[in-house]
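Structure data follow from entry_29.tsv (TSV, C-alpha atoms):
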chain	number	residue	atom	x	y	z
A	1	MET	CA	-91.10	71.46	-16.89
A	2	LYS	CA	-88.67	74.39	-16.67
A	3	ASN	CA	-88.68	74.30	-12.88
A	4	THR	CA	-88.21	70.58	-12.98
A	5	ASN	CA	-85.07	70.87	-15.14
A	6	THR	CA	-83.60	73.52	-12.88
A	7	SER	CA	-84.11	71.35	-9.84
A	8	THR	CA	-82.52	68.50	-11.60
A	9	PHE	CA	-79.51	70.63	-12.53
A	10	ARG	CA	-79.12	71.87	-8.98
A	11	ARG	CA	-79.18	68.38	-7.66
A	12	ALA	CA	-76.57	67.36	-10.23
A	13	ALA	CA	-74.38	70.32	-9.34
A	14	ALA	CA	-74.65	69.51	-5.67
A	15	LEU	CA	-73.59	65.95	-6.33
A	16	LEU	CA	-70.58	67.09	-8.37
A	17	LEU	CA	-69.54	69.45	-5.59
A	18	CYS	CA	-69.66	66.64	-3.01
A	19	PHE	CA	-67.62	64.36	-5.27
A	20	ALA	CA	-64.98	67.09	-5.72
A	21	LEU	CA	-64.71	67.59	-1.96
A	22	ILE	CA	-64.28	63.84	-1.37
A	23	MET	CA	-61.48	63.59	-3.95
A	24	ALA	CA	-59.71	66.59	-2.45
A	25	GLY	CA	-59.80	64.91	0.95
A	26	LEU	CA	-58.33	61.74	-0.43
A	27	ALA	CA	-55.51	63.67	-2.10
A	28	GLY	CA	-54.68	65.35	1.20
A	29	CYS	CA	-54.47	62.01	3.00
A	30	GLY	CA	-52.00	60.76	0.35
A	31	GLN	CA	-49.71	63.74	0.90
A	32	GLN	CA	-49.71	63.34	4.67
A	33	GLY	CA	-48.86	59.64	4.41
A	34	GLY	CA	-45.89	60.41	2.08
A	35	ALA	CA	-44.44	62.98	4.44
A	36	GLY	CA	-44.80	60.91	7.51
A	37	THR	CA	-43.03	57.84	5.98
A	38	GLY	CA	-40.55	59.58	3.76
A	39	SER	CA	-37.41	58.12	5.38
A	40	GLN	CA	-38.82	54.59	5.40
A	41	GLY	CA	-39.91	54.86	1.83
A	42	GLY	CA	-36.44	56.07	0.89
A	43	ALA	CA	-34.88	53.08	2.62
A	44	THR	CA	-37.17	50.73	0.76
A	45	GLU	CA	-36.31	52.29	-2.57
A	46	ALA	CA	-32.58	52.12	-1.78
A	47	ALA	CA	-32.86	48.45	-0.90
A	48	THR	CA	-34.88	47.47	-3.95
A	49	ALA	CA	-33.48	49.69	-6.67
A	50	PRO	CA	-30.30	48.61	-8.46
A	51	ASP	CA	-27.15	50.55	-7.65
A	52	SER	CA	-26.34	52.06	-11.02
A	53	GLY	CA	-23.35	53.91	-9.63
A	54	SER	CA	-20.99	51.21	-8.23
A	55	ASN	CA	-22.20	48.04	-9.98
A	56	GLY	CA	-23.30	49.47	-13.26
A	57	GLY	CA	-26.91	48.38	-12.70
A	58	GLU	CA	-26.01	44.75	-11.81
A	59	PRO	CA	-27.29	43.05	-8.60
A	60	ALA	CA	-24.89	42.84	-5.63
A	61	SER	CA	-22.88	39.62	-5.41
A	62	SER	CA	-24.01	36.80	-3.08
A	63	GLU	CA	-20.80	37.21	-1.12
A	64	ASN	CA	-21.50	40.90	-0.29
A	65	SER	CA	-25.22	40.57	0.32
A	66	GLY	CA	-24.72	37.52	2.51
A	67	GLY	CA	-22.25	39.36	4.70
A	68	GLU	CA	-24.61	42.34	5.13
A	69	ALA	CA	-27.63	40.19	5.88
A	70	ALA	CA	-25.86	38.12	8.53
A	71	GLY	CA	-24.25	40.82	10.58
A	72	GLY	CA	-24.86	44.15	8.92
A	73	GLN	CA	-21.18	44.26	7.95
A	74	GLN	CA	-18.64	42.19	6.01
A	75	GLY	CA	-15.67	40.12	7.34
A	76	THR	CA	-17.33	38.64	10.43
A	77	ALA	CA	-17.36	34.95	9.27
A	78	GLU	CA	-14.86	32.65	11.07
A	79	PRO	CA	-11.97	31.31	8.91
A	80	ALA	CA	-12.05	27.61	7.88
A	81	PRO	CA	-9.88	25.36	10.11
A	82	GLU	CA	-6.48	24.35	8.77
A	83	PRO	CA	-6.37	20.70	7.52
A	84	VAL	CA	-4.50	18.30	9.82
A	85	LYS	CA	-1.12	17.56	8.27
A	86	ALA	CA	0.01	13.93	8.32
A	87	PRO	CA	3.39	13.37	10.00
A	88	ASP	CA	6.37	13.10	7.67
A	89	PRO	CA	7.46	9.42	7.63
A	90	LEU	CA	11.10	10.49	7.60
A	91	ASP	CA	10.61	12.35	10.90
A	92	LEU	CA	9.18	9.19	12.46
A	93	TYR	CA	12.04	7.06	11.12
A	94	ASP	CA	14.59	9.54	12.44
A	95	ALA	CA	12.95	9.44	15.86
A	96	PHE	CA	13.09	5.64	15.87
A	97	LEU	CA	16.77	5.56	14.90
A	98	ASN	CA	17.44	7.88	17.83
A	99	GLU	CA	15.44	5.81	20.38
A	100	LYS	CA	12.68	8.41	20.55
A	101	ALA	CA	9.93	6.25	19.00
A	102	LEU	CA	8.63	2.69	19.25
A	103	ALA	CA	7.76	0.26	16.46
A	104	LEU	CA	4.89	-2.22	16.64
A	105	PHE	CA	5.72	-5.73	15.44
A	106	THR	CA	3.03	-7.07	13.10
A	107	ILE	CA	5.16	-10.18	12.52
A	108	GLU	CA	7.15	-12.61	14.65
A	109	ALA	CA	10.95	-12.66	14.49
A	110	ILE	CA	13.78	-14.19	16.51
A	111	GLY	CA	13.36	-13.03	20.11
A	112	LEU	CA	10.74	-10.46	19.07
A	113	GLU	CA	7.04	-10.90	19.77
A	114	GLU	CA	4.21	-10.07	17.38
A	115	GLY	CA	1.92	-7.39	18.81
A	116	ARG	CA	4.61	-5.85	21.03
A	117	GLU	CA	6.37	-2.51	20.65
A	118	TYR	CA	10.17	-2.11	20.77
A	119	ASN	CA	12.62	0.70	20.34
A	120	ILE	CA	15.69	0.03	18.23
A	121	ARG	CA	18.01	-0.76	21.15
A	122	GLU	CA	15.44	-3.16	22.63
A	123	MET	CA	15.31	-4.98	19.28
A	124	LYS	CA	19.06	-5.57	19.45
A	125	GLN	CA	18.98	-6.68	23.08
A	126	SER	CA	16.04	-9.06	22.60
A	127	MET	CA	17.63	-10.78	19.61
A	128	GLU	CA	21.01	-11.13	21.32
A	129	LYS	CA	19.38	-12.64	24.41
A	130	PHE	CA	17.43	-15.13	22.30
A	131	LEU	CA	20.48	-16.20	20.25
A	132	ASP	CA	22.94	-16.41	23.15
A	133	GLY	CA	24.79	-19.71	22.96
A	134	ASP	CA	27.98	-21.46	21.92
A	135	TYR	CA	29.04	-21.05	18.29
A	136	MET	CA	25.91	-19.08	17.41
A	137	PRO	CA	26.29	-15.62	15.85
A	138	ASP	CA	24.69	-13.91	18.82
A	139	LYS	CA	26.28	-10.45	19.05
A	140	VAL	CA	25.39	-7.49	16.84
A	141	CYS	CA	28.61	-6.23	15.29
A	142	GLU	CA	27.05	-3.75	12.87
A	143	LEU	CA	23.69	-2.06	12.31
A	144	GLY	CA	22.84	-0.51	8.95
A	145	TYR	CA	19.82	1.48	7.87
A	146	ALA	CA	18.45	2.83	4.59
A	147	PHE	CA	15.34	4.46	3.21
A	148	ILE	CA	13.71	2.39	0.48
A	149	ASP	CA	10.56	2.72	-1.65
A	150	CYS	CA	8.47	-0.46	-1.55
A	151	GLY	CA	6.38	-0.75	-4.69
A	152	LEU	CA	7.86	2.48	-6.09
A	153	ASP	CA	4.92	4.65	-4.95
A	154	GLY	CA	7.16	7.50	-3.78
A	155	VAL	CA	6.51	6.91	-0.05
A	156	PRO	CA	9.65	5.92	1.90
A	157	GLU	CA	10.05	2.92	4.20
A	158	LEU	CA	12.87	2.26	6.67
A	159	ALA	CA	15.05	-0.84	6.21
A	160	LEU	CA	17.35	-2.16	8.95
A	161	ARG	CA	20.20	-4.66	8.68
A	162	PHE	CA	21.52	-6.28	11.88
A	163	GLU	CA	24.83	-8.09	11.35
A	164	PHE	CA	25.59	-10.80	13.95
A	165	ILE	CA	28.88	-12.54	14.74
A	166	SER	CA	29.68	-15.45	17.06
A	167	ASP	CA	32.10	-15.42	19.99
A	168	ASP	CA	34.28	-18.06	18.33
A	169	THR	CA	37.27	-15.97	17.27
A	170	GLU	CA	38.97	-18.84	15.42
A	171	TYR	CA	36.01	-19.89	13.29
A	172	PRO	CA	33.46	-17.09	13.58
A	173	SER	CA	30.02	-17.51	12.03
A	174	TYR	CA	27.83	-14.73	10.77
A	175	SER	CA	24.15	-14.07	10.20
A	176	THR	CA	22.03	-11.15	9.07
A	177	GLU	CA	18.55	-10.06	10.06
A	178	TYR	CA	16.69	-7.61	7.81
A	179	PHE	CA	13.62	-5.63	8.88
A	180	VAL	CA	11.31	-3.29	6.98
A	181	LEU	CA	9.39	-0.61	8.91
A	182	LYS	CA	6.56	1.49	7.55
A	183	ALA	CA	4.81	4.59	8.90
A	184	TYR	CA	1.01	4.50	9.07
A	185	GLY	CA	0.07	8.03	10.08
A	186	ASP	CA	1.85	8.59	13.41
A	187	GLU	CA	2.32	4.84	14.07
A	188	LEU	CA	5.42	2.88	13.09
A	189	ARG	CA	5.06	-0.82	12.28
A	190	VAL	CA	7.53	-3.60	11.50
A	191	ILE	CA	6.06	-5.31	8.42
A	192	ASP	CA	8.75	-7.76	7.29
A	193	ASN	CA	11.76	-9.76	8.45
A	194	GLU	CA	14.26	-11.68	6.32
A	195	GLU	CA	17.43	-13.50	7.32
A	196	THR	CA	20.67	-14.89	5.97
A	197	TYR	CA	22.35	-17.69	7.88
A	198	TYR	CA	24.43	-20.77	7.17
A	199	ARG	CA	23.09	-22.32	3.92
A	200	THR	CA	20.35	-19.77	3.27
A	201	GLU	CA	20.49	-16.27	1.86
A	202	SER	CA	17.97	-13.45	1.55
A	203	THR	CA	18.23	-10.31	-0.55
A	204	LEU	CA	16.15	-7.13	-0.40
A	205	ASN	CA	16.43	-4.39	-3.01
A	206	SER	CA	15.55	-0.69	-2.85
A	207	ALA	CA	12.00	-1.28	-4.19
A	208	GLY	CA	11.08	-4.02	-1.71
A	209	TYR	CA	11.74	-7.03	-3.97
A	210	ILE	CA	12.80	-10.06	-1.91
A	211	THR	CA	14.55	-13.28	-2.87
A	212	TYR	CA	15.13	-16.16	-0.50
A	213	GLY	CA	17.26	-19.15	-1.41
A	214	GLY	CA	18.98	-22.07	0.19
A	215	SER	CA	19.88	-25.71	0.05
A	216	GLY	CA	16.99	-28.08	-0.42
A	217	GLY	CA	19.19	-31.14	-0.26
A	218	ALA	CA	22.42	-32.44	-1.74
A	219	ALA	CA	21.43	-31.73	-5.34
A	220	THR	CA	18.61	-29.20	-4.95
A	221	TYR	CA	18.53	-25.43	-4.58
A	222	TYR	CA	15.26	-23.81	-3.47
A	223	CYS	CA	14.17	-20.19	-4.01
A	224	SER	CA	11.09	-18.11	-3.27
A	225	TYR	CA	10.27	-14.63	-4.50
A	226	HIS	CA	8.17	-11.91	-2.85
A	227	TYR	CA	7.75	-8.17	-2.91
A	228	ILE	CA	6.35	-5.61	-0.48
A	229	ASN	CA	3.55	-3.64	-2.13
A	230	PRO	CA	2.83	0.08	-1.51
A	231	GLU	CA	0.33	-0.80	1.24
A	232	GLY	CA	3.06	-2.63	3.15
A	233	LYS	CA	1.85	-6.17	2.46
A	234	LYS	CA	4.38	-8.90	1.63
A	235	VAL	CA	3.11	-10.59	-1.54
A	236	PHE	CA	4.21	-14.12	-2.47
A	237	LEU	CA	5.07	-14.34	-6.16
A	238	TYR	CA	6.37	-17.85	-6.87
A	239	SER	CA	8.82	-20.52	-5.80
A	240	GLY	CA	11.49	-22.31	-7.80
A	241	GLU	CA	13.27	-25.57	-7.08
A	242	TYR	CA	16.27	-26.54	-9.19
A	243	THR	CA	17.59	-30.11	-9.07
A	244	LEU	CA	20.51	-31.77	-10.81
A	245	ALA	CA	18.48	-34.61	-12.19
A	246	ASN	CA	18.66	-38.33	-12.65
A	247	GLY	CA	19.94	-39.93	-15.84
A	248	ALA	CA	16.51	-40.12	-17.46
A	249	PRO	CA	14.20	-37.10	-17.74
A	250	ILE	CA	11.85	-38.39	-15.06
A	251	ILE	CA	10.16	-36.26	-12.40
A	252	GLN	CA	10.83	-37.36	-8.84
A	253	ALA	CA	7.94	-39.17	-7.18
A	254	TRP	CA	7.83	-36.87	-4.14
A	255	ASP	CA	7.20	-33.86	-6.41
A	256	LEU	CA	4.01	-35.43	-7.83
A	257	PRO	CA	0.60	-36.12	-6.29
A	258	GLU	CA	0.49	-39.64	-4.91
A	259	GLU	CA	-2.96	-40.25	-6.35
A	260	GLY	CA	-2.70	-41.95	-9.76
A	261	LEU	CA	1.00	-42.85	-9.65
A	262	PRO	CA	1.65	-46.49	-10.61
A	263	GLU	CA	3.15	-48.67	-7.90
A	264	ASP	CA	6.28	-49.31	-9.97
A	265	TYR	CA	7.04	-45.60	-10.46
A	266	PRO	CA	10.80	-45.16	-9.84
A	267	THR	CA	11.88	-43.72	-6.52
A	268	ASP	CA	15.67	-44.22	-6.74
A	269	TYR	CA	17.70	-41.60	-8.61
A	270	ASP	CA	21.27	-40.98	-9.61
A	271	PHE	CA	21.13	-37.22	-9.31
A	272	TYR	CA	24.33	-36.23	-11.11
A	273	GLU	CA	24.30	-38.55	-14.14
A	274	ASP	CA	24.12	-36.93	-17.59
A	275	GLY	CA	23.84	-33.40	-16.21
A	276	LEU	CA	20.09	-33.03	-16.58
A	277	GLU	CA	18.23	-30.39	-14.58
A	278	ILE	CA	14.61	-30.50	-13.47
A	279	ASP	CA	13.14	-27.15	-12.44
A	280	ILE	CA	9.89	-26.93	-10.50
A	281	TYR	CA	7.82	-23.74	-10.25
A	282	ASN	CA	4.71	-23.03	-8.22
A	283	PHE	CA	2.48	-19.97	-7.79
A	284	THR	CA	1.01	-21.22	-4.49
A	285	THR	CA	2.65	-21.35	-1.06
A	286	TYR	CA	3.77	-24.55	0.61
A	287	ASP	CA	2.72	-25.27	4.19
A	288	TYR	CA	5.28	-27.54	5.83
A	289	ASP	CA	2.75	-28.48	8.51
A	290	ASP	CA	0.34	-29.94	5.96
A	291	THR	CA	0.43	-33.59	4.98
A	292	GLY	CA	-1.58	-35.98	2.84
A	293	GLU	CA	-4.33	-34.40	0.76
A	294	MET	CA	-3.17	-30.81	1.32
A	295	GLN	CA	0.34	-31.74	0.20
A	296	ASP	CA	-1.09	-33.47	-2.86
A	297	GLU	CA	-3.06	-30.32	-3.66
A	298	TYR	CA	0.14	-28.27	-3.61
A	299	HIS	CA	1.92	-30.77	-5.87
A	300	ARG	CA	-0.93	-30.56	-8.40
A	301	HIS	CA	0.12	-26.93	-8.97
A	302	ASN	CA	3.75	-27.84	-9.70
A	303	MET	CA	4.98	-26.80	-13.16
A	304	PHE	CA	8.07	-28.53	-14.59
A	305	VAL	CA	10.86	-27.64	-16.99
A	306	ILE	CA	13.47	-30.25	-18.00
A	307	LEU	CA	16.82	-29.04	-19.36
A	308	ASP	CA	20.09	-30.57	-20.48
A	309	SER	CA	23.51	-29.34	-19.41
A	310	ASP	CA	23.45	-26.71	-22.19
A	311	GLY	CA	20.10	-25.30	-21.12
A	312	ASN	CA	18.11	-26.90	-23.96
A	313	ASP	CA	14.59	-28.22	-23.40
A	314	VAL	CA	14.26	-31.98	-22.99
A	315	ASP	CA	11.03	-33.96	-23.35
A	316	PRO	CA	10.19	-36.84	-20.98
A	317	GLU	CA	10.43	-40.35	-22.33
A	318	GLU	CA	7.33	-41.40	-24.25
A	319	TYR	CA	5.90	-43.65	-21.52
A	320	TYR	CA	6.31	-41.03	-18.80
A	321	GLY	CA	5.18	-38.23	-21.09
A	322	LYS	CA	1.82	-39.99	-21.57
A	323	LEU	CA	1.58	-40.72	-17.85
A	324	TYR	CA	2.19	-37.07	-16.92
A	325	GLU	CA	-0.42	-35.97	-19.44
A	326	GLU	CA	-2.98	-38.38	-17.93
A	327	LEU	CA	-2.18	-37.11	-14.43
A	328	GLY	CA	-2.50	-33.47	-15.54
A	329	VAL	CA	1.15	-32.75	-14.77
A	330	GLY	CA	2.32	-29.57	-16.52
A	331	ILE	CA	5.55	-29.91	-18.52
A	332	TYR	CA	6.63	-26.62	-20.14
A	333	LYS	CA	9.39	-25.25	-22.32
A	334	ASP	CA	11.83	-22.94	-20.56
A	335	ALA	CA	10.81	-19.84	-22.55
A	336	GLU	CA	7.14	-20.63	-22.05
A	337	MET	CA	7.63	-20.89	-18.30
A	338	ALA	CA	9.55	-17.60	-18.20
A	339	GLN	CA	6.63	-15.82	-19.91
A	340	MET	CA	4.13	-17.39	-17.50
A	341	ILE	CA	6.18	-16.14	-14.54
A	342	GLN	CA	6.42	-12.65	-16.00
A	343	ASP	CA	2.65	-12.49	-16.59
A	344	HIS	CA	1.91	-13.78	-13.10
A	345	MET	CA	4.20	-11.24	-11.44
A	346	ALA	CA	2.62	-8.41	-13.42
A	347	ALA	CA	-0.82	-9.60	-12.27
A	348	CYS	CA	0.47	-9.40	-8.68
A	349	GLY	CA	1.57	-5.79	-9.24
A	350	CYS	CA	5.31	-6.54	-9.31
A	351	THR	CA	6.82	-4.75	-12.30
A	352	GLU	CA	10.19	-5.14	-13.99
A	353	GLU	CA	11.18	-1.79	-12.48
A	354	ILE	CA	10.64	-3.22	-9.00
A	355	VAL	CA	12.55	-6.44	-9.76
A	356	ASN	CA	15.47	-4.57	-11.33
A	357	ALA	CA	15.64	-1.72	-8.81
A	358	PRO	CA	19.14	-0.91	-7.47
A	359	ASP	CA	20.66	-2.61	-4.46
A	360	ILE	CA	20.27	-0.89	-1.11
A	361	GLU	CA	23.02	1.51	-0.10
A	362	TRP	CA	23.32	1.05	3.65
A	363	GLU	CA	24.40	3.70	6.14
A	364	LEU	CA	25.95	2.56	9.42
A	365	LEU	CA	24.11	3.68	12.53
A	366	GLU	CA	26.34	5.19	15.20
A	367	ALA	CA	25.29	5.05	18.84
A	368	ASP	CA	26.96	4.55	22.20
A	369	TRP	CA	25.22	1.16	22.63
A	370	LEU	CA	26.67	-0.20	19.36
A	371	PRO	CA	30.20	-1.56	18.78
A	372	LYS	CA	32.70	0.97	17.51
A	373	GLY	CA	34.27	0.42	14.11

Translate this file's structure into structure tokens.
Amino acid sequence: MKNTNTSTFRRAAALLLCFALIMAGLAGCGQQGGAGTGSQGGATEAATAPDSGSNGGEPASSENSGGEAAGGQQGTAEPAPEPVKAPDPLDLYDAFLNEKALALFTIEAIGLEEGREYNIREMKQSMEKFLDGDYMPDKVCELGYAFIDCGLDGVPELALRFEFISDDTEYPSYSTEYFVLKAYGDELRVIDNEETYYRTESTLNSAGYITYGGSGGAATYYCSYHYINPEGKKVFLYSGEYTLANGAPIIQAWDLPEEGLPEDYPTDYDFYEDGLEIDIYNFTTYDYDDTGEMQDEYHRHNMFVILDSDGNDVDPEEYYGKLYEELGVGIYKDAEMAQMIQDHMAACGCTEEIVNAPDIEWELLEADWLPKG
């Protein structure tokens, strides 16, 4: 048994010795690997360990790390392109006034074609050629310009005023043509034309509010009201027709729809008797080329106010009052109509500030192709 235990011990000792030699070999391999890859290991540690010196232990920002990853150094990214600056409208208007730019006509005017471009001198020449004739105001005697603000949006438009005179030196006649030009990027467009001649008159204020009025007959004065909105669109607001009325407060037959009117409805009027006034308002436009049903449709939108010579409201006679009610004809008090107009204009975007904007202060354009003084 003693020999057996000794043999067992020797075998155990031998096994322990082998195990010790194996572990020593493994330790040696670990040291060789560390020496051979020391620089790479250092780089790995530097990349993964936080920099406690410069950033106080915080990770590097995305801006810095992105620059290093992309090119190994910062500041190599290309700068963002500068945004394209829209042309200054005033520069375009100045170029046009000096014959260095063209304007595209989006409307038709006397002697000027829609869809064609003109410079300012060509506008003058084309209108004079079209108007040439006896007793007509066919020569430009003055050309004014001004910068206005249609719709009060802070963006300027260019207004032009061509004053014409006839060749008749004894009894000269005059007319005026107004134009509004607007810059759309680097393009200049003519967006409106108004005129004053003979028995008609147009006005344009510094906010693009337009009135047009003229004779509608011996006892009638007609007006229409528009404004140019910030987008450059001419917006119809309403029309008004003011007639010195017949002796009785009766609406004229031609201002009513034909359908439903009795055959004996009066058609003869003494317009000046008793000093009555019949005012007609409409929020829709009238097409002079339309007849029949379309004309009736327009008349259905007529709104009436009847006044005496002192401006007081007058009701129609009982018989006609019932007839108008049956026909759906709107008879309103003067104050009621004024409020309806104000509400309608506000709904169209035309404010009191636009309506009451100052008159235009015109500057005279000087050029060698214009008359002197």

### Message
Would you compute the distance between CA of Leu90 in chain A and CA of Thr196 in chain A? Give it in Å to one decimal.
### Response
27.2 Å

### Query
Which neighbours of range 346-360 of chain A fall inside 6 Å, counting only C-alpha atoms, when residues of the same chain fewer than 5 positions from it are skipped, and could you give them as a list of chain:residue names?
A:Asn205, A:Ser206, A:Ala207, A:Tyr209

### Task
Find the spatial neighbours of Ile280 in chain A, counting only C-alpha atoms, within a cut-off of 9 Å - ignore same-chain residues fewer than 5 positions away - and output them as a PyMOL selection string.
chain A and resi 239-243+255+302-306

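Across A:Tyr184, A:Leu92, A:Pro230, A:Glu108, the tightest approach to Leu152 in chain A is made by A:Pro230 when counting all atoms listed in the file.
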
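Of the residues listed (A:Glu122, A:Glu142, A:Glu157, A:Glu277), A:Glu142 shows the shortest atom-to-atom separation from Tyr174 in chain A; distances use all atoms listed in the file.
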
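Among A:Tyr178, A:Glu82, A:Met136, A:Arg189, the residue with the shortest atom-to-atom distance to Phe105 in chain A, counting only C-alpha atoms, is A:Arg189.
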
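With CA of Ala146 in chain A on one side and CA of Glu231 in chain A on the other, the separation reads 18.8 Å.
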
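Across the model, the gap from CA of Tyr212 in chain A to CA of Gln295 in chain A is 21.5 Å.
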
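The shortest atom-to-atom distance to Pro156 in chain A, with only C-alpha atoms taken into account, belongs to A:Leu181 out of A:Leu307, A:Leu181, A:Ile341, A:Ala248.
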
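In terms of minimum interatomic distance to Glu187 in chain A, A:Ala86 ranks closest within A:Met123, A:Ala86, A:Ala219, A:Ile228, counting all atoms listed in the file.
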
### Task
Write out as a ChimeraX atom specification the residues lying within 7 Å of Ala159 in chain A, counting all atoms listed in the file and excluding same-chain residues fewer than 5 positions away.
/A:145-148,179-181

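Of the residues listed (A:Gly151, A:Pro257, A:Gly232, A:Gly144), A:Gly232 shows the shortest atom-to-atom separation from Asp192 in chain A; distances use all atoms listed in the file.
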